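Undergrad: What follows is query.txt, made up of compact mmCIF, C-alpha atoms:
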# COMPACT_ATOMS: atom_id res chain seq x y z
CA MET D 1 1.30 17.95 10.97
CA PRO D 2 4.97 17.03 11.59
CA SER D 3 7.59 18.84 9.57
CA GLY D 4 9.23 17.22 6.57
CA ASN D 5 12.48 16.85 8.52
CA THR D 6 10.63 14.92 11.24
CA HIS D 7 9.18 12.50 8.69
CA THR D 8 12.64 12.05 7.14
CA SER D 9 14.22 11.32 10.53
CA ILE D 10 11.55 8.70 11.25
CA ALA D 11 12.02 7.10 7.82
CA THR D 12 15.81 7.00 8.24
CA LEU D 13 15.53 5.26 11.61
CA ALA D 14 12.98 2.85 10.15
CA ALA D 15 15.28 1.98 7.22
CA VAL D 16 18.15 1.21 9.60
CA ALA D 17 15.82 -0.82 11.82
CA VAL D 18 14.52 -2.83 8.85
CA PHE D 19 18.01 -3.75 7.69
CA ALA D 20 19.38 -4.48 11.18
CA GLY D 21 16.25 -6.31 12.34
CA GLY D 22 16.04 -8.39 9.17
CA ALA D 23 19.71 -9.32 9.39
CA ALA D 24 19.35 -10.33 13.04
CA ALA D 25 16.23 -12.36 12.29
CA GLY D 26 18.06 -14.21 9.53
CA LEU D 27 20.94 -15.04 11.89
CA TYR D 28 19.02 -16.07 15.00
CA LEU D 29 15.71 -17.38 13.67
CA ASP D 30 15.01 -20.35 11.43
CA LEU D 31 12.83 -18.71 8.75
CA GLY D 32 13.51 -21.28 6.07
CA LYS D 33 12.84 -19.99 2.56
CA TRP D 34 11.61 -16.71 4.03
CA THR D 35 15.05 -15.80 5.33
CA PRO D 36 15.75 -12.38 3.79
CA SER D 37 18.92 -11.86 1.80
CA VAL D 38 21.13 -8.81 2.12
CA ILE D 39 19.85 -7.57 -1.27
CA GLU D 40 16.23 -7.93 -0.16
CA LEU D 41 16.90 -6.08 3.08
CA GLY D 42 18.70 -3.37 1.14
CA ALA D 43 15.77 -3.08 -1.28
CA ALA D 44 13.33 -2.71 1.62
CA SER D 45 15.48 -0.06 3.30
CA VAL D 46 15.89 1.87 0.07
CA GLY D 47 12.14 1.61 -0.45
CA VAL D 48 11.56 3.28 2.92
CA ILE D 49 13.92 6.14 2.07
CA ILE D 50 12.48 6.66 -1.43
CA GLY D 51 8.97 6.48 0.01
CA ASP D 52 9.79 9.44 2.22
CA LEU D 53 12.10 11.53 0.05
CA PHE D 54 10.49 11.21 -3.39
CA LEU D 55 7.16 9.33 -3.11
CA SER D 56 5.79 10.85 0.07
CA PRO D 57 2.02 10.92 0.66
CA ASP D 58 2.37 14.71 0.97
CA LEU D 59 2.81 14.94 -2.80
CA ASP D 60 -0.95 15.61 -2.76
CA GLY D 61 -0.16 19.07 -1.36
CA ALA D 62 0.94 22.13 -3.30
CA ALA D 63 4.09 22.53 -1.21
CA SER D 64 6.11 19.61 0.15
CA ASN D 65 9.76 18.70 0.56
CA ALA D 66 9.27 15.59 -1.58
CA LYS D 67 7.97 17.67 -4.49
CA ARG D 68 10.88 20.11 -4.26
CA ARG D 69 13.32 17.20 -4.46
CA TRP D 70 12.01 16.40 -7.94
CA GLY D 71 13.56 19.67 -9.09
CA PRO D 72 12.50 20.72 -12.60
CA LEU D 73 10.38 17.53 -12.88
CA ARG D 74 8.09 18.47 -9.99
CA PHE D 75 5.51 19.67 -12.50
CA ILE D 76 4.57 16.03 -13.17
CA TRP D 77 2.82 15.95 -9.76
CA ARG D 78 0.63 18.97 -10.55
CA LEU D 79 -2.39 16.81 -11.35
CA TYR D 80 -1.78 14.68 -8.22
CA GLU D 81 -2.32 17.84 -6.15
CA LYS D 82 -6.01 17.72 -7.07
CA LEU D 83 -6.52 14.93 -4.53
CA PRO D 84 -7.90 16.09 -1.16
CA HIS D 85 -5.01 16.38 1.27
CA ARG D 86 -4.64 13.29 3.48
CA SER D 87 -7.26 11.38 1.51
CA PRO D 88 -7.15 7.54 1.56
CA LEU D 89 -6.00 7.61 -2.08
CA SER D 90 -2.74 9.26 -1.02
CA HIS D 91 -2.19 8.54 2.67
CA TRP D 92 -3.29 4.92 3.09
CA PRO D 93 -0.51 2.31 2.89
CA ILE D 94 -0.59 0.00 -0.15
CA LEU D 95 -3.45 1.95 -1.78
CA GLY D 96 -1.57 5.25 -1.76
CA ASP D 97 1.76 3.65 -2.76
CA ALA D 98 0.24 1.66 -5.63
CA GLY D 99 -1.63 4.78 -6.76
CA ARG D 100 1.54 6.88 -6.87
CA LEU D 101 3.39 4.22 -8.87
CA VAL D 102 0.51 3.93 -11.34
CA TYR D 103 0.28 7.72 -11.60
CA LEU D 104 4.02 8.04 -12.21
CA SER D 105 3.93 5.30 -14.84
CA ALA D 106 1.03 7.02 -16.62
CA VAL D 107 2.84 10.37 -16.59
CA LEU D 108 6.08 8.84 -17.94
CA ALA D 109 4.27 6.75 -20.58
CA PRO D 110 4.36 9.56 -23.21
CA ILE D 111 8.17 9.35 -23.28
CA PRO D 112 8.45 6.03 -25.19
CA VAL D 113 5.35 6.96 -27.20
CA GLY D 114 6.89 10.27 -28.24
CA THR D 115 10.29 8.82 -29.11
CA GLY D 116 8.66 6.07 -31.15
CA LEU D 117 6.47 8.55 -33.04
CA ALA D 118 9.44 10.76 -33.81
CA ARG D 119 11.47 7.82 -35.12
CA ASP D 120 9.05 5.46 -36.86
CA GLY D 121 5.58 6.94 -36.56
CA LEU D 122 2.65 5.10 -35.00
CA GLN D 123 4.21 1.67 -35.39
CA GLY D 124 7.36 2.82 -33.61
CA ALA D 125 5.30 4.32 -30.78
CA MET D 126 3.48 1.04 -30.23
CA LEU D 127 6.68 -1.00 -30.36
CA ASP D 128 8.50 1.30 -27.91
CA THR D 129 5.54 1.23 -25.51
CA PHE D 130 5.33 -2.57 -25.57
CA TRP D 131 9.10 -2.79 -25.09
CA ALA D 132 9.01 -0.51 -22.03
CA VAL D 133 6.15 -2.48 -20.46
CA ASP D 134 7.87 -5.77 -21.26
CA ARG D 135 11.18 -4.65 -19.71
CA ALA D 136 9.49 -3.44 -16.53
CA SER D 137 7.47 -6.67 -16.22
CA ALA D 138 10.53 -8.81 -16.90
CA MET D 139 12.51 -7.04 -14.17
CA ILE D 140 9.75 -7.57 -11.61
CA LEU D 141 9.33 -11.23 -12.59
CA ALA D 142 13.09 -11.82 -12.53
CA TYR D 143 13.44 -10.32 -9.04
CA PRO D 144 10.07 -10.87 -7.37
CA ARG D 145 11.33 -10.95 -3.79
CA GLU D 146 13.48 -7.86 -4.21
CA SER D 147 10.63 -6.00 -5.93
CA GLY D 148 8.21 -7.04 -3.19
CA ALA D 149 10.68 -5.93 -0.51
CA ALA D 150 11.07 -2.52 -2.15
CA PHE D 151 7.28 -2.07 -2.35
CA ALA D 152 6.95 -3.17 1.28
CA GLY D 153 9.47 -0.45 2.16
CA LEU D 154 7.34 2.13 0.36
CA CYS D 155 4.27 0.96 2.29
CA LEU D 156 6.14 1.11 5.60
CA ALA D 157 7.18 4.70 4.91
CA THR D 158 3.54 5.64 4.20
CA PHE D 159 2.36 3.84 7.34
CA LEU D 160 4.88 5.66 9.54
CA HIS D 161 3.99 8.95 7.86
CA GLY D 162 0.32 8.44 8.74
CA VAL D 163 1.12 7.42 12.33
CA ALA D 164 3.25 10.55 12.84
CA ASP D 165 0.46 12.75 11.43
CA TRP D 166 -2.08 11.08 13.74
CA VAL D 167 0.08 11.43 16.86
CA VAL D 168 0.68 15.13 16.24
CA SER D 169 -2.98 15.86 15.44
CA GLU D 170 -4.20 13.98 18.55
CA GLY D 171 -1.64 15.78 20.70
CA LYS D 172 -2.85 19.12 19.37
CA LYS D 173 -6.46 18.20 20.18
CA MET D 174 -5.47 17.36 23.76
CA VAL D 175 -3.69 20.70 24.16
CA ASP D 176 -6.64 22.64 22.70
CA TYR D 177 -9.09 20.75 24.95
CA GLU D 178 -7.08 21.28 28.14
CA ALA D 179 -9.20 22.34 31.13
CA PRO D 180 -8.80 25.91 32.48
CA ALA D 181 -6.44 26.46 35.36
CA ARG D 182 -7.95 26.19 38.87
CA PRO D 183 -7.59 29.42 40.87
CA LYS D 184 -5.79 28.99 44.17
CA GLY D 185 -8.26 28.14 46.90
CA GLY D 186 -11.33 28.35 44.67
CA ARG D 187 -13.30 26.72 41.94
CA PRO D 188 -12.02 26.29 38.38
CA GLY D 189 -12.12 29.60 36.62
CA LYS D 190 -14.22 30.15 33.57
CA ARG D 191 -12.61 30.61 30.21
CA ALA D 192 -12.46 34.19 29.06
CA VAL D 193 -14.92 34.76 26.26
CA ASN D 194 -13.86 37.18 23.57
CA PRO D 195 -16.62 39.72 22.83
CA ALA D 196 -18.22 39.39 19.45
CA PRO D 197 -17.03 42.06 16.98
CA MET D 198 -19.43 45.00 16.57
CA SER D 199 -21.26 45.48 13.34
CA ARG D 200 -20.90 48.67 11.33
CA LYS D 201 -24.29 49.99 12.54
CA GLN D 202 -23.29 49.38 16.16
CA GLN D 203 -20.05 51.26 15.61
CA GLU D 204 -21.91 54.23 14.06
CA ARG D 205 -24.44 54.28 16.94
CA LEU D 206 -21.62 54.26 19.49
CA ALA D 207 -19.91 57.14 17.67
CA ARG D 208 -23.11 59.21 17.70
CA GLU D 209 -23.56 58.63 21.43
CA GLU D 210 -19.98 59.74 22.04
CA ARG D 211 -20.60 62.99 20.11
CA ARG D 212 -23.79 63.73 22.08
CA ARG D 213 -22.13 63.19 25.44
CA PRO D 214 -21.18 66.57 27.04
CA ALA D 215 -17.52 67.33 27.25
CA ASN D 216 -15.87 67.35 30.68
CA VAL D 217 -15.16 70.83 32.06
CA GLY D 218 -12.32 71.64 34.40
How does the structure come out when it is put into structure tokens?

TA:
Amino acid sequence: MPSGNTHTSIATLAAVAVFAGGAAAGLYLDLGKWTPSVIELGAASVGVIIGDLFLSPDLDGAASNAKRRWGPLRFIWRLYEKLPHRSPLSHWPILGDAGRLVYLSAVLAPIPVGTGLARDGLQGAMLDTFWAVDRASAMILAYPRESGAAFAGLCLATFLHGVADWVVSEGKKMVDYEAPARPKGGRPGKRAVNPAPMSRKQQERLAREERRRPANVG
């Protein structure tokens, strides 16, 4: 698997490419209403960076750079670690990104519930929860293109992450499966086979035979 720094380098280049490519497409192509604005391109680029630095698919592992970046809040991903590493629920684009956003929303949901309970009891908890959901929905509905661009950036980061993992794993398979070297002027040599480890009984039998063997004189 590539290192975290490799994934970050790929995501950084992708974010720059998204912004530069989108800007060039808007200048030289007639995309009509689909022409991206600078804000939309910025949202997509930021989505790529956040998707690598803080919402990486590797959050399903016990140790990852993305989890360390959450600092004292990294404990909120403890339950997410229960997913099998590199499962479709974490490493597939769209599915993994939507799952992490839903998971994060569910983990943060107790905050408005707790503040409402502390202030006004059950009624306050319900009102604060509805207010938080309403504000989040209103922001997405007010900026649908920007929100969609940011989510597309998250999905692109996950896609590139999976491609990098696949390239490295396939390269490792090719190295492991490499044919043995051909001796000069002869047929390909056979791979050396490591002898199987001896059992305890075999070791004791060998020790007894060594003790029975007469000592060399001279």

Undergrad: Contacts of region 57-61 of chain D at 10 Å or less, counting only C-alpha atoms, minus same-chain residues fewer than 6 places along, as a VMD selection string?

TA: chain D and resid 4 51 67 to 68 74 77 to 93 96 to 97 100 157 to 159 161 to 162

Undergrad: Can I get the selected residues back with C-alpha atoms, as a CSV table (one decimal), in the frame of the given file?

TA:
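Listing of out.csv after writing:
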chain,number,residue,atom,x,y,z
D,4,GLY,CA,9.2,17.2,6.6
D,51,GLY,CA,9.0,6.5,0.0
D,67,LYS,CA,8.0,17.7,-4.5
D,68,ARG,CA,10.9,20.1,-4.3
D,74,ARG,CA,8.1,18.5,-10.0
D,77,TRP,CA,2.8,16.0,-9.8
D,78,ARG,CA,0.6,19.0,-10.6
D,79,LEU,CA,-2.4,16.8,-11.4
D,80,TYR,CA,-1.8,14.7,-8.2
D,81,GLU,CA,-2.3,17.8,-6.2
D,82,LYS,CA,-6.0,17.7,-7.1
D,83,LEU,CA,-6.5,14.9,-4.5
D,84,PRO,CA,-7.9,16.1,-1.2
D,85,HIS,CA,-5.0,16.4,1.3
D,86,ARG,CA,-4.6,13.3,3.5
D,87,SER,CA,-7.3,11.4,1.5
D,88,PRO,CA,-7.2,7.5,1.6
D,89,LEU,CA,-6.0,7.6,-2.1
D,90,SER,CA,-2.7,9.3,-1.0
D,91,HIS,CA,-2.2,8.5,2.7
D,92,TRP,CA,-3.3,4.9,3.1
D,93,PRO,CA,-0.5,2.3,2.9
D,96,GLY,CA,-1.6,5.2,-1.8
D,97,ASP,CA,1.8,3.6,-2.8
D,100,ARG,CA,1.5,6.9,-6.9
D,157,ALA,CA,7.2,4.7,4.9
D,158,THR,CA,3.5,5.6,4.2
D,159,PHE,CA,2.4,3.8,7.3
D,161,HIS,CA,4.0,9.0,7.9
D,162,GLY,CA,0.3,8.4,8.7

Undergrad: Quick one: distance from CA of Val168 (chain D) to CA of Gly21 (chain D) in Å, one decimal?

TA: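 Interatomic distance, CA of Val168 (chain D) to CA of Gly21 (chain D): 26.8 Å.
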
Undergrad: Within 12 Å of (13.8, -0.2, 0.4) (file coordinates; only C-alpha atoms), which protein or nucleic acid residues are there? I'd like them as a PyMOL selection string.

TA: chain D and resi 11-12+14-19+38-53+145-157

Undergrad: For CA of Leu29 (chain D) and CA of Val163 (chain D), determine how far apart the two atoms are, in Å to one decimal place.

TA: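 Those two atoms sit 28.8 Å apart.
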
Undergrad: Within 12 Å of (9.5, 19.2, 8.1) (file coordinates; only C-alpha atoms), which protein or nucleic acid residues are there? I'd like them as a list of chain:residue names.

TA: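 Residues with an atom close enough to that point: D:Met1, D:Pro2, D:Ser3, D:Gly4, D:Asn5, D:Thr6, D:His7, D:Thr8, D:Ser9, D:Ile10, D:Asp52, D:Leu53, D:Asp58, D:Ala63, D:Ser64, D:Asn65, D:Ala66, D:His161, D:Ala164, D:Asp165.
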
Undergrad: Enter the distance from CA of Ser37 (chain D) to CA of Ala20 (chain D), in Å, rounded to one decimal.

TA: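 So the two atoms, CA of Ser37 (chain D) and CA of Ala20 (chain D), lie 11.9 Å apart.
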